[in-house]
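Undergrad: I am attaching a structure below and will ask some questions about it afterwards.
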Amino acid sequence: MAAQITELTFLENLARRFNIPAPEYLTAESSGNAIRSALKRWQGKAVIKPDVLSGKRGKAGALRVVTDYVDAQKELKRVQGLDVNGHLPRTSYMVQFIPSEMEVYSAITYDSRYLGPSITISLNGGMDVEDISEDRKATIPLDIFKGLDAYQASEMLEKLGCPRGVVSILSRSLVDLWDMFISTGMRMCEVNPWRITPGGKPYACDFKAIFDDSNFKFKNIGFELPEYPANSTLFEEEMAAWNASSHQGQAHVSDLGGKGILPILFGGGASTIIIETLLQNGGDPIFLSDFGGNPPYERMYGTAKMCLDHHLAKAKLLLILGGKANNTFIDVTFKAIADSLQNYVDEHGPVNIPVVIGRGGPRLLQGLLTMKDTLDSIGMPYVIFGPDTPVTQVAEYAARLADNWQEVKVKK
Amino acid sequence: MRAKNLSDLLKAGDRVAVSNITGREATGVSVASQQFCGNIVGGWALGKGGQKIEVPGKDPIPVFSTVEELMKSLDEDKRPNKMIVYSPPMAVYGDVKEIVQHGKGTVETIFVITEHVSIEVTAKIAEMCTQANIDVVGCNSLGIINAHDKVRVGAVGGDSPAESFAKGSSTIISNSGNMVNTMASYLISAGLGTAYGVSTGKDTLILSSLKDILKLANEDEASKLIVLYIEPGGLYEKEAIEILKTMNSPKPMITYITGDVLQSSNLSLGHAGAVVEGEGTSASAKMRMFDEYFGIQPFDPEKKYRKSSELVTQLKRGIRIRTLHHLPAAAKLVCDRLGIVRDFRPTKPLSLNPWFVDYKGAGKQLLSKLVLDPGPIPVPYKSQAKMIEKVSLGANYSRRNMRNSSYASSNDGKHTRLFGRMVENEMRTGSFVSSVFLSWTGWSCPDYQVNLLEKCLIASLSNGPGTISAQGVKLSTSAGNAPNTAMIASLACIGDVHGGNGRKAVEYLLGIFKDAPIDDPFGENPGLDLQKFADNEVELFAQRRMAAKDAGIDYKRIPCLGHPVFKNDPVNYDPRERVISEYLEQKGIGNIFLEFYHMMAHKLKERGIARNVWAVNLDGAIASVVLGICWKALREKRITVRRACDVAFMIFALGRVAGAGGEFLDHQDMGSPMDMRIPVSECVSLTRPVD
């Protein structure tokens with residue numbers, strides 16, 4: 001998954017850097033004195049929030065307005081351990097309560113219709129964008145080279161009926177928002193809402209952003225991304241680091257929590273189709289994988305080793321499957337998997353599960369026969385298909401075979 | 001878009017240039033493309049100008065340093081109108097910018113193959129190329145193929161595009177490059193070939209989007225049926241359907257949309273662009289949109305689709321398939337009901353056809369419907385399988401770049417290892433001979449085999465100063481060379497005739513015994529009638545010899561039989577071979593290859609081919625020992641046949657080069673400079689002076 005940040009990271013690292021007006025804040029680790037004096041400074045009113053990778057925190061009962069020190073302490077502790085829509089917070093924090101008479105929604109993202117960035121604004125902030133009717137929000141394409149200028153922003157706000165006194169100051173903040181978006185390699189950022197004080201001053205009162213992992217600006221963002229609990233398994237983390245260590249070949253995995261089939265899959269398209277077919281047929285795949293992109297031997301060996309080390313012991317079937325490759329050398333990738341499997345068996349002893357293989361592409365036969373030889377040598381049963389059998393049929397067969405294999409013992 | 005028809009994206013006669021052409025992937029794909037259609041006029045890579053990419057059977061592809069240099073250097077009629085970008089992600093923007101700068105007016109289309117290009121750069125490319133009136137396909141596209149013109153750009157179809165892309169009437173437009181190839185090969189079973197296969201790419205921003213390509217496909221005469229592979233993300237399909245609704249009679253489509261189950265599991269999909277961003281972008285929304293547009297439920301292979309005007313009206317728009325292997329049946333339905341003539345006779349329907357099966361004895365415990373028998377391997381794989389499987393002995397390694405890699409040795413900064421074993425431990429418990437063999441083969445031998453190898457090495461040290469290899473080292477020493485050079489001179493004087501017979505003997509023995517029931521060449525092999533093998537071989541040799549003599553031509557000798565010195569007794573022996581045989585006897589073990597050699601020598605005498613029993617020479621003994629040691633690994637395909645043959649040769653070479661060291665020291669200390677020179681008076685001229 002692409003890297004994401006939420007309000008607290010925005011407050012800590014970005015708001016001041018890009019001159020985006022935002023409420024004052026304190027983290028849960030702040031001292032009692034700091035909390036007391038902040039409450040005093042904020043006219044005795046603050047909002048306690050969990051820092052969690054989930055929207056709809058209000059609906060989940062995770063946002064609390066507090067007015068005294070004891071409540072603030074209690075709530076900072078409480079929301080820290082709160083499960084918010086299946087996600088656990090990494091910490092909690094307290095922000096200054098901003099009184100307002102008006103809330104504005106804004107988001108900048110890349111838009112498939114314009115093949116470039118766009119900005120969406122609504123004066124009905126505070127609610128989810130999909131719940132805002134089309135006539136109450138406006139989207140305009142932005143020039144990727146020039147970005148958003150204050151004139152464009154003012155024009156949009158005026159068309160939406162924004163009060164004159166707010167247009168100018170909010171436009172400038174929206175331009176700063178664009179500046180942050182383009183300077184940090186984001187693919188989407190959303191401020192929802194901007195709370196506009198009775199005096200007409202906007203404050204960015206909630207925030208989320210998704211980065212583009214491929215953008216070099218993100219790689220030099222200047223601060224460390226926070227780690228959220230239990231968002232990824234050790235296997236996913238190791239594979240993500242392994243994938244990031246080279247641009248040769250892909251090593252994408254997402255844990256599915258299954259206990260049936262260990263799938264080593266090739267091709268973004270084919271892997272999705274295969275996993276869907278396995279799920280539909282009770283195959284219980286352990287994870288989703290995509291290992292295409294013509295990985296060289298050492299990359300594929302490392303990838304396969306990681307999959308086997310983490311999951312082979314509990315798998316009911318090893319599935320090595322992909323469509324008809326255009327440029328992935330099958331002999332190289334299969335030799336790497338075969339060596340990794342051989343080493344696994346040398347280290348851990350025999351493995352009593354079947355291997356189902358299906359593939360097509362350059363240097364196919366040599367690859368299939370390498371796998372066959374290795375499987376013969378380590379005594380693992382196998383069924384090997386060529387590109388004349390569709391991947392979906394192979395996946396259906398693998399799901400049924402895995403289900404039936406449980407009582408089967410391999411002849412010594 | 002600049003293109004008005006699919007052929008404007010690619011047709012015969014288009015000239016293609018490749019960025020970063022010296023990169024691993026770009027080179028491989030360019031060579032395959034050049035062999036397939038020969039449309040690449042050049043490539044560029046910074047600092048690599050002046051190189052050439054060799055293409056077997058074709059002219060090499062010239063490499064330039066920059067686009068500018070490429071455009072200026074090529075004649076006007078060879079300047080590229082299509083560009084493929086294979087640059088690393090960070091270089092893509094710069095490359096496209098240069099293409100626009102130097103190719104404006106000439107370049108029509110840029111195909112960006114590179115993955116992991118940032119969305120920002122993609123958006124900048126879109127803006128820049130729109131201004132320059134250049135179409136962009138990608139990023140993260142695999143390219144395009146025009147099967148009628150037999151041309152492609154990128155890697156569509158891999159290294160044998162003709163295998164999946166028979167020319168025909170379906171056009172495939174796919175977010176996934178792999179699926180272009182896969183779907184085209186499935187359509188063949190329905191009797192449908194391909195007009196165009198287009199990989200649009202699958203990043204967040206698809207610069208030649210579905211609506212653009214669909215418009216072109218609807219203008220293309222060869223395309224009668226359009227097949228779509230679609231993933232979640234973007235509003236491309238929503239836009240496409242809006243455009244289709246405004247067309248008079250758009251061509252029928254078969255769509256396959258994936259990502260629904262995974263999307264409901266809230267999991268990331270394989271492709272970067274497959275991120276659900278809102279209404280109309282999810283897989284389920286796309287399915288719904290297409291089903292509504294088609295006006296018919298997704299294809300059901302069990303259902304009987306009765307002829308009706310309503311069905312024809314629906315199929316004219318198209319139908320969605322739920323799973324990939326329904327594609328040929330759905331295509332058949334659309335073609336039959338709409339009267340689209342299929343391109344050729346349908347092949348065997350798609351079915352489970354395993355090529356290799358072995359349940360390792362568990363088949364009887366499985367449900368019978370799950371137990372599959374191996375089916376026929378289709379062409380062209382059948383002949384390849386036979387060719388590879390023919391080699392019943394020896395490993396069949398895949399090749400890889402070995403520039404900085406080694407199985408034989410490693411060094412992690414703390415320990416040097418030979419095939420993973422620490423040199424220190426070999427020093428403590430092994431011997432020089434066992435360690436040499438370990439580094440050559442990857443395993444350690446039992447003691448008796450180490451002793452046999454040691455005897456072979458000792459025997460190889462020298463055969464006197466007159467042998468060619470000894471003469472080599474003496475000549476080099478006499479010229480004043482250092483020990484390494486002199487020892488190399490000895491190695492340089494070993495060849496097929498002197499010293500190389502051991503390798504030939506291993507090849508020879510493998511030819512005879514490759515399918516023989518030998519479990520352990522040093523042990524009992526009850527199923528083996530060795531005498532029969534010797535008799536057969538002598539008989540074959542006799543026939544070969546007679547036929548050659550009748551024809552007055554030379555014939556192939558049996559390697560390692562006979563000796564220039566030990567040849568006059570009724571039964572002759574090479575004394576060094578005797579030592580090896582005696583050791584085997586003393587240990588109570590045999591060596592069937594050495595026994596076979598002796599049996600042959602006797603049989604040749606019996607058959608009247610030899611006047612006495614020839615000696616089995618040292619090379620024959622070395623070959624028998626080495627093949628005996630390597631046999632199990634060959635049977636288990638752990639080493640190649642070539643390695644076993646070379647090891648036999650290298651045993652002799654190692655022994656002899658050590659012996660050459662002795663000759664060097666001896667000659668250096670005792671000999672005179674230039675003493676190996678032959679005086680002019682002793683040299684014989686065989687030509688008459690002409691001036």
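Going by the structure tokens order, chains are called A, B, ..., each with residues numbered from 1, while ligands are numbered from 1 in the order shown.
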Dump as a VMD selection string the residues of chain B that approach chain A to within 6 Å, counting only C-alpha atoms.

TA: chain B and resid 116 118 123 155 to 159 176 178 182 205 234 261 270 to 271 325 351 to 362 398

Undergrad: Please provide as a VMD selection string all residues within 12 Å of Arg36 (chain A), with the sequence filter that same-chain residues fewer than 2 positions apart are discarded (counting only C-alpha atoms).

TA: chain A and resid 26 30 to 34 38 to 46 66 to 73 94

Undergrad: Could the residues in this selection be written to a file with N, CA and C atoms, as a PDB file, in the first residue's frame?

TA:
```
ATOM      1  N   LEU A  26      -0.993  19.232  20.949  1.00  0.00           N
ATOM      2  CA  LEU A  26      -0.073  18.596  21.907  1.00  0.00           C
ATOM      3  C   LEU A  26      -0.198  17.095  21.744  1.00  0.00           C
ATOM      4  N   SER A  30       2.882  14.713  26.155  1.00  0.00           N
ATOM      5  CA  SER A  30       3.150  16.028  26.750  1.00  0.00           C
ATOM      6  C   SER A  30       2.954  15.990  28.269  1.00  0.00           C
ATOM      7  N   SER A  31       3.640  16.881  28.962  1.00  0.00           N
ATOM      8  CA  SER A  31       3.549  16.908  30.427  1.00  0.00           C
ATOM      9  C   SER A  31       2.211  17.495  30.866  1.00  0.00           C
ATOM     10  N   GLY A  32       1.878  17.220  32.109  1.00  0.00           N
ATOM     11  CA  GLY A  32       0.639  17.750  32.657  1.00  0.00           C
ATOM     12  C   GLY A  32       0.612  19.271  32.614  1.00  0.00           C
ATOM     13  N   ASN A  33       1.721  19.874  32.917  1.00  0.00           N
ATOM     14  CA  ASN A  33       1.787  21.334  32.881  1.00  0.00           C
ATOM     15  C   ASN A  33       1.525  21.881  31.491  1.00  0.00           C
ATOM     16  N   ALA A  34       2.089  21.218  30.503  1.00  0.00           N
ATOM     17  CA  ALA A  34       1.900  21.673  29.119  1.00  0.00           C
ATOM     18  C   ALA A  34       0.433  21.595  28.744  1.00  0.00           C
ATOM     19  N   ALA A  38      -1.898  24.739  27.884  1.00  0.00           N
ATOM     20  CA  ALA A  38      -2.513  24.789  26.547  1.00  0.00           C
ATOM     21  C   ALA A  38      -4.004  25.023  26.665  1.00  0.00           C
ATOM     22  N   LEU A  39      -4.624  24.296  27.586  1.00  0.00           N
ATOM     23  CA  LEU A  39      -6.078  24.460  27.755  1.00  0.00           C
ATOM     24  C   LEU A  39      -6.407  25.909  28.130  1.00  0.00           C
ATOM     25  N   LYS A  40      -5.557  26.472  28.965  1.00  0.00           N
ATOM     26  CA  LYS A  40      -5.770  27.858  29.377  1.00  0.00           C
ATOM     27  C   LYS A  40      -5.674  28.801  28.174  1.00  0.00           C
ATOM     28  N   ARG A  41      -4.624  28.509  27.355  1.00  0.00           N
ATOM     29  CA  ARG A  41      -4.382  29.335  26.165  1.00  0.00           C
ATOM     30  C   ARG A  41      -5.516  29.205  25.138  1.00  0.00           C
ATOM     31  N   TRP A  42      -6.102  28.018  25.111  1.00  0.00           N
ATOM     32  CA  TRP A  42      -7.134  27.724  24.104  1.00  0.00           C
ATOM     33  C   TRP A  42      -8.547  28.021  24.616  1.00  0.00           C
ATOM     34  N   GLN A  43      -8.649  28.851  25.540  1.00  0.00           N
ATOM     35  CA  GLN A  43      -9.936  29.201  26.153  1.00  0.00           C
ATOM     36  C   GLN A  43     -10.659  27.967  26.711  1.00  0.00           C
ATOM     37  N   GLY A  44      -9.862  27.033  27.236  1.00  0.00           N
ATOM     38  CA  GLY A  44     -10.430  25.899  27.974  1.00  0.00           C
ATOM     39  C   GLY A  44     -11.105  24.846  27.134  1.00  0.00           C
ATOM     40  N   LYS A  45     -10.900  24.840  25.817  1.00  0.00           N
ATOM     41  CA  LYS A  45     -11.602  23.850  24.994  1.00  0.00           C
ATOM     42  C   LYS A  45     -10.628  23.203  23.993  1.00  0.00           C
ATOM     43  N   ALA A  46     -10.635  21.876  23.954  1.00  0.00           N
ATOM     44  CA  ALA A  46      -9.748  21.151  23.025  1.00  0.00           C
ATOM     45  C   ALA A  46     -10.449  19.904  22.510  1.00  0.00           C
ATOM     46  N   VAL A  66     -12.952  18.218  25.061  1.00  0.00           N
ATOM     47  CA  VAL A  66     -12.724  18.258  26.510  1.00  0.00           C
ATOM     48  C   VAL A  66     -12.561  19.718  26.960  1.00  0.00           C
ATOM     49  N   THR A  67     -12.875  19.899  28.227  1.00  0.00           N
ATOM     50  CA  THR A  67     -12.796  21.270  28.728  1.00  0.00           C
ATOM     51  C   THR A  67     -11.945  21.379  29.985  1.00  0.00           C
ATOM     52  N   ASP A  68     -11.504  20.271  30.533  1.00  0.00           N
ATOM     53  CA  ASP A  68     -10.616  20.374  31.695  1.00  0.00           C
ATOM     54  C   ASP A  68      -9.488  19.363  31.618  1.00  0.00           C
ATOM     55  N   TYR A  69      -8.532  19.575  32.473  1.00  0.00           N
ATOM     56  CA  TYR A  69      -7.298  18.799  32.457  1.00  0.00           C
ATOM     57  C   TYR A  69      -7.541  17.307  32.700  1.00  0.00           C
ATOM     58  N   VAL A  70      -8.405  16.985  33.686  1.00  0.00           N
ATOM     59  CA  VAL A  70      -8.654  15.580  34.040  1.00  0.00           C
ATOM     60  C   VAL A  70      -9.271  14.839  32.857  1.00  0.00           C
ATOM     61  N   ASP A  71     -10.293  15.457  32.257  1.00  0.00           N
ATOM     62  CA  ASP A  71     -10.935  14.846  31.080  1.00  0.00           C
ATOM     63  C   ASP A  71      -9.930  14.657  29.955  1.00  0.00           C
ATOM     64  N   ALA A  72      -9.112  15.664  29.775  1.00  0.00           N
ATOM     65  CA  ALA A  72      -8.125  15.591  28.672  1.00  0.00           C
ATOM     66  C   ALA A  72      -7.191  14.403  28.885  1.00  0.00           C
ATOM     67  N   GLN A  73      -6.668  14.251  30.094  1.00  0.00           N
ATOM     68  CA  GLN A  73      -5.762  13.137  30.402  1.00  0.00           C
ATOM     69  C   GLN A  73      -6.458  11.802  30.150  1.00  0.00           C
ATOM     70  N   MET A  94      -4.025  16.103  21.123  1.00  0.00           N
ATOM     71  CA  MET A  94      -5.038  17.074  21.528  1.00  0.00           C
ATOM     72  C   MET A  94      -4.851  18.327  20.677  1.00  0.00           C
TER      73      MET A  94
END
```

Undergrad: What gap, in Å, lies between CA of Asn248 (chain B) and CA of Ala217 (chain B)?

TA: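 Going from CA of Asn248 (chain B) over to CA of Ala217 (chain B), I get 14.0 Å.
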
Undergrad: By how many Å are CA of Pro89 (chain A) and CA of Gly58 (chain A) apart?

TA: 14.0 Å

Undergrad: Could you pull out the strand (DSSP E or B) residues of region 109-298 of chain A from DSSP and send them as a PyMOL selection string?

TA: chain A and resi 109-111+116-122+137-141+143+147+186-196+202-204+207-211+252-255+261-266+285+287-290

Undergrad: List the neighbours of region 331-334 of chain B out to 9 Å using only C-alpha atoms; skip same-chain residues closer than 4 positions along the sequence, and give me the result as a PyMOL selection string.

TA: chain B and resi 187+190-192+225+227+252-254+305+312+315-316+318-319+326-327+338-340+342

Undergrad: Atoms to include: N, CA, C and O atoms. Write the selected residues as a PDB file, in the first residue's frame.

TA:
```
ATOM      1  N   LEU B 187      -7.872 -17.054 -27.617  1.00  0.00           N
ATOM      2  CA  LEU B 187      -8.801 -16.824 -28.733  1.00  0.00           C
ATOM      3  C   LEU B 187      -8.517 -17.766 -29.906  1.00  0.00           C
ATOM      4  O   LEU B 187      -9.414 -18.076 -30.690  1.00  0.00           O
ATOM      5  N   ALA B 190     -10.739 -20.541 -30.311  1.00  0.00           N
ATOM      6  CA  ALA B 190     -12.065 -20.237 -30.869  1.00  0.00           C
ATOM      7  C   ALA B 190     -11.978 -19.945 -32.369  1.00  0.00           C
ATOM      8  O   ALA B 190     -12.968 -19.561 -32.988  1.00  0.00           O
ATOM      9  N   GLY B 191     -10.798 -20.085 -32.931  1.00  0.00           N
ATOM     10  CA  GLY B 191     -10.639 -19.817 -34.363  1.00  0.00           C
ATOM     11  C   GLY B 191     -10.479 -18.345 -34.666  1.00  0.00           C
ATOM     12  O   GLY B 191     -10.747 -17.895 -35.781  1.00  0.00           O
ATOM     13  N   LEU B 192     -10.073 -17.583 -33.664  1.00  0.00           N
ATOM     14  CA  LEU B 192      -9.924 -16.132 -33.887  1.00  0.00           C
ATOM     15  C   LEU B 192      -8.471 -15.696 -33.748  1.00  0.00           C
ATOM     16  O   LEU B 192      -7.810 -16.030 -32.756  1.00  0.00           O
ATOM     17  N   LEU B 225     -14.047  -7.756 -33.664  1.00  0.00           N
ATOM     18  CA  LEU B 225     -14.448  -8.017 -32.284  1.00  0.00           C
ATOM     19  C   LEU B 225     -13.387  -7.400 -31.372  1.00  0.00           C
ATOM     20  O   LEU B 225     -12.193  -7.556 -31.629  1.00  0.00           O
ATOM     21  N   VAL B 227     -11.798  -7.150 -27.577  1.00  0.00           N
ATOM     22  CA  VAL B 227     -11.719  -7.851 -26.288  1.00  0.00           C
ATOM     23  C   VAL B 227     -11.006  -6.933 -25.293  1.00  0.00           C
ATOM     24  O   VAL B 227      -9.924  -6.417 -25.581  1.00  0.00           O
ATOM     25  N   PRO B 252     -18.776  -5.092 -31.579  1.00  0.00           N
ATOM     26  CA  PRO B 252     -19.062  -5.876 -30.367  1.00  0.00           C
ATOM     27  C   PRO B 252     -17.813  -6.049 -29.503  1.00  0.00           C
ATOM     28  O   PRO B 252     -16.704  -6.111 -30.031  1.00  0.00           O
ATOM     29  N   MET B 253     -18.057  -6.134 -28.194  1.00  0.00           N
ATOM     30  CA  MET B 253     -16.935  -6.256 -27.269  1.00  0.00           C
ATOM     31  C   MET B 253     -17.167  -7.439 -26.328  1.00  0.00           C
ATOM     32  O   MET B 253     -18.304  -7.765 -26.003  1.00  0.00           O
ATOM     33  N   ILE B 254     -16.068  -8.032 -25.906  1.00  0.00           N
ATOM     34  CA  ILE B 254     -16.128  -8.985 -24.793  1.00  0.00           C
ATOM     35  C   ILE B 254     -15.246  -8.395 -23.705  1.00  0.00           C
ATOM     36  O   ILE B 254     -14.075  -8.083 -23.963  1.00  0.00           O
ATOM     37  N   TYR B 305     -28.087 -20.114 -25.565  1.00  0.00           N
ATOM     38  CA  TYR B 305     -28.444 -18.781 -26.077  1.00  0.00           C
ATOM     39  C   TYR B 305     -29.229 -18.960 -27.379  1.00  0.00           C
ATOM     40  O   TYR B 305     -28.649 -19.257 -28.424  1.00  0.00           O
ATOM     41  N   VAL B 312     -29.314 -10.757 -30.660  1.00  0.00           N
ATOM     42  CA  VAL B 312     -28.406 -10.160 -31.652  1.00  0.00           C
ATOM     43  C   VAL B 312     -28.159  -8.689 -31.319  1.00  0.00           C
ATOM     44  O   VAL B 312     -27.015  -8.210 -31.348  1.00  0.00           O
ATOM     45  N   LEU B 315     -25.807  -8.638 -28.323  1.00  0.00           N
ATOM     46  CA  LEU B 315     -24.429  -9.056 -28.629  1.00  0.00           C
ATOM     47  C   LEU B 315     -23.723  -8.088 -29.568  1.00  0.00           C
ATOM     48  O   LEU B 315     -22.495  -8.050 -29.606  1.00  0.00           O
ATOM     49  N   LYS B 316     -24.493  -7.323 -30.315  1.00  0.00           N
ATOM     50  CA  LYS B 316     -23.851  -6.307 -31.165  1.00  0.00           C
ATOM     51  C   LYS B 316     -23.085  -5.314 -30.306  1.00  0.00           C
ATOM     52  O   LYS B 316     -22.119  -4.697 -30.749  1.00  0.00           O
ATOM     53  N   GLY B 318     -22.150  -6.312 -27.054  1.00  0.00           N
ATOM     54  CA  GLY B 318     -21.137  -7.181 -26.455  1.00  0.00           C
ATOM     55  C   GLY B 318     -21.628  -7.921 -25.238  1.00  0.00           C
ATOM     56  O   GLY B 318     -22.822  -7.873 -24.903  1.00  0.00           O
ATOM     57  N   ILE B 319     -20.710  -8.586 -24.565  1.00  0.00           N
ATOM     58  CA  ILE B 319     -21.065  -9.376 -23.386  1.00  0.00           C
ATOM     59  C   ILE B 319     -19.847  -9.444 -22.466  1.00  0.00           C
ATOM     60  O   ILE B 319     -18.703  -9.389 -22.944  1.00  0.00           O
ATOM     61  N   HIS B 326     -13.655 -18.538 -20.060  1.00  0.00           N
ATOM     62  CA  HIS B 326     -14.896 -18.463 -20.849  1.00  0.00           C
ATOM     63  C   HIS B 326     -14.708 -17.654 -22.131  1.00  0.00           C
ATOM     64  O   HIS B 326     -15.622 -17.579 -22.944  1.00  0.00           O
ATOM     65  N   LEU B 327     -13.550 -17.037 -22.281  1.00  0.00           N
ATOM     66  CA  LEU B 327     -13.345 -16.139 -23.427  1.00  0.00           C
ATOM     67  C   LEU B 327     -13.593 -16.818 -24.782  1.00  0.00           C
ATOM     68  O   LEU B 327     -14.355 -16.284 -25.600  1.00  0.00           O
ATOM     69  N   LEU B 338     -23.567 -13.136 -34.681  1.00  0.00           N
ATOM     70  CA  LEU B 338     -23.462 -11.892 -35.485  1.00  0.00           C
ATOM     71  C   LEU B 338     -22.921 -12.160 -36.884  1.00  0.00           C
ATOM     72  O   LEU B 338     -22.723 -11.235 -37.665  1.00  0.00           O
ATOM     73  N   GLY B 339     -22.649 -13.425 -37.171  1.00  0.00           N
ATOM     74  CA  GLY B 339     -22.162 -13.764 -38.518  1.00  0.00           C
ATOM     75  C   GLY B 339     -20.741 -13.291 -38.786  1.00  0.00           C
ATOM     76  O   GLY B 339     -20.367 -13.038 -39.936  1.00  0.00           O
ATOM     77  N   ILE B 340     -19.944 -13.170 -37.740  1.00  0.00           N
ATOM     78  CA  ILE B 340     -18.533 -12.799 -37.942  1.00  0.00           C
ATOM     79  C   ILE B 340     -17.780 -14.072 -38.332  1.00  0.00           C
ATOM     80  O   ILE B 340     -17.814 -15.068 -37.596  1.00  0.00           O
ATOM     81  N   ARG B 342     -15.010 -16.631 -38.681  1.00  0.00           N
ATOM     82  CA  ARG B 342     -13.795 -16.851 -37.888  1.00  0.00           C
ATOM     83  C   ARG B 342     -12.573 -16.977 -38.801  1.00  0.00           C
ATOM     84  O   ARG B 342     -12.693 -17.316 -39.973  1.00  0.00           O
TER      85      ARG B 342
END
```

Undergrad: What lies within 9 Å of Tyr228 (chain A) using only C-alpha atoms, ignoring chain neighbours under 3 positions off, as a compact mmCIF listing (two decimals) with C-alpha atoms, in the first residue's frame?

TA:
```txt
# COMPACT_ATOMS: atom_id res chain seq x y z
CA ASP A 51 -3.74 9.09 15.38
CA VAL A 52 -5.03 6.25 13.26
CA LEU A 53 -5.08 5.32 9.58
CA HIS A 87 -7.45 0.01 12.91
CA LEU A 88 -5.42 0.62 16.04
CA PRO A 89 -4.08 4.13 16.78
CA ARG A 90 -0.35 4.64 17.19
CA THR A 91 -0.92 7.47 19.71
CA ASN A 231 -0.91 -2.58 9.56
CA SER A 232 1.33 -5.11 7.92
```

Undergrad: Write out as a list in words the residues lying within 10 Å of Lys167 (chain B), counting only C-alpha atoms and excluding same-chain residues fewer than 2 positions away.

TA: Asn146, Ala147, His148, Asp149, Lys150, Ala162, Ser164, Phe165, Ser169, Ser170, Leu192, Gly193, Thr194, Ala195, Tyr196, Ala222, Asp343 and Phe344 of chain B

Undergrad: List every residue of region 119-305 of chain B that DSSP, applied to the backbone of this structure, places in helix (DSSP H, G or I), and write the result as a ChimeraX atom specification.

TA: /B:119-131,161-163,177-188,210-219,236-246,260-264,283-294

Undergrad: Could you name the residues that touch Gln101 (chain B) at 10 Å or less, counting only C-alpha atoms, but leaving out those on the same chain fewer than 3 positions away, as a list in words?

TA: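 In the requested form, the answer reads Val67, Glu68, Asp95, Val96, Lys97, Glu98, Lys104, Gly105 and Ala132 of chain B.
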
Undergrad: Those selected residues, please, written with N, CA and C atoms and delivered as a CSV table (one decimal), in the first residue's frame.

TA:
```csv
chain,number,residue,atom,x,y,z
B,67,VAL,N,19.3,11.3,-28.1
B,67,VAL,CA,18.3,11.4,-29.1
B,67,VAL,C,18.7,12.3,-30.2
B,68,GLU,N,19.3,13.4,-29.8
B,68,GLU,CA,19.7,14.4,-30.8
B,68,GLU,C,20.7,13.8,-31.8
B,95,ASP,N,14.1,12.0,-20.9
B,95,ASP,CA,14.2,11.3,-22.2
B,95,ASP,C,13.0,11.8,-23.1
B,96,VAL,N,11.8,11.8,-22.5
B,96,VAL,CA,10.6,12.3,-23.2
B,96,VAL,C,10.8,13.7,-23.7
B,97,LYS,N,11.4,14.5,-22.8
B,97,LYS,CA,11.6,15.9,-23.1
B,97,LYS,C,12.5,16.1,-24.3
B,98,GLU,N,13.5,15.3,-24.3
B,98,GLU,CA,14.5,15.3,-25.4
B,98,GLU,C,13.8,14.8,-26.7
B,104,LYS,N,10.2,16.6,-32.7
B,104,LYS,CA,8.9,17.3,-33.0
B,104,LYS,C,8.8,17.3,-34.6
B,105,GLY,N,7.6,16.9,-35.0
B,105,GLY,CA,7.4,16.9,-36.5
B,105,GLY,C,7.7,15.5,-37.1
B,132,ALA,N,2.9,19.0,-28.2
B,132,ALA,CA,3.8,18.7,-29.3
B,132,ALA,C,3.0,17.8,-30.3
```

Undergrad: Skip Ile40 (chain B) itself and residues of its chain fewer than 6 positions away, then list as number ranges by chain all residues within 9 Å of it, counting only C-alpha atoms.

TA: B: 14-18, 30, 33-34, 61, 80, 153

Undergrad: What does the distance from CA of Gly628 (chain B) to CA of Arg557 (chain B) come to in Å, to one decimal?

TA: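 Going from CA of Gly628 (chain B) over to CA of Arg557 (chain B) covers 22.3 Å.
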
Undergrad: From the options B:Ile639, B:Ile678, B:Ser462, B:Pro526, which residue's atoms come nearest to Gly661 (chain B), counting only C-alpha atoms?

TA: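 When distances to Gly661 (chain B) are compared using only C-alpha atoms, the smallest one comes from B:Ser462.
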
Undergrad: Which residue, A:Ala395, A:Met102, A:Ala209, A:Leu142, has the smallest gap to Thr197 (chain A) when you use only C-alpha atoms?

TA: A:Met102
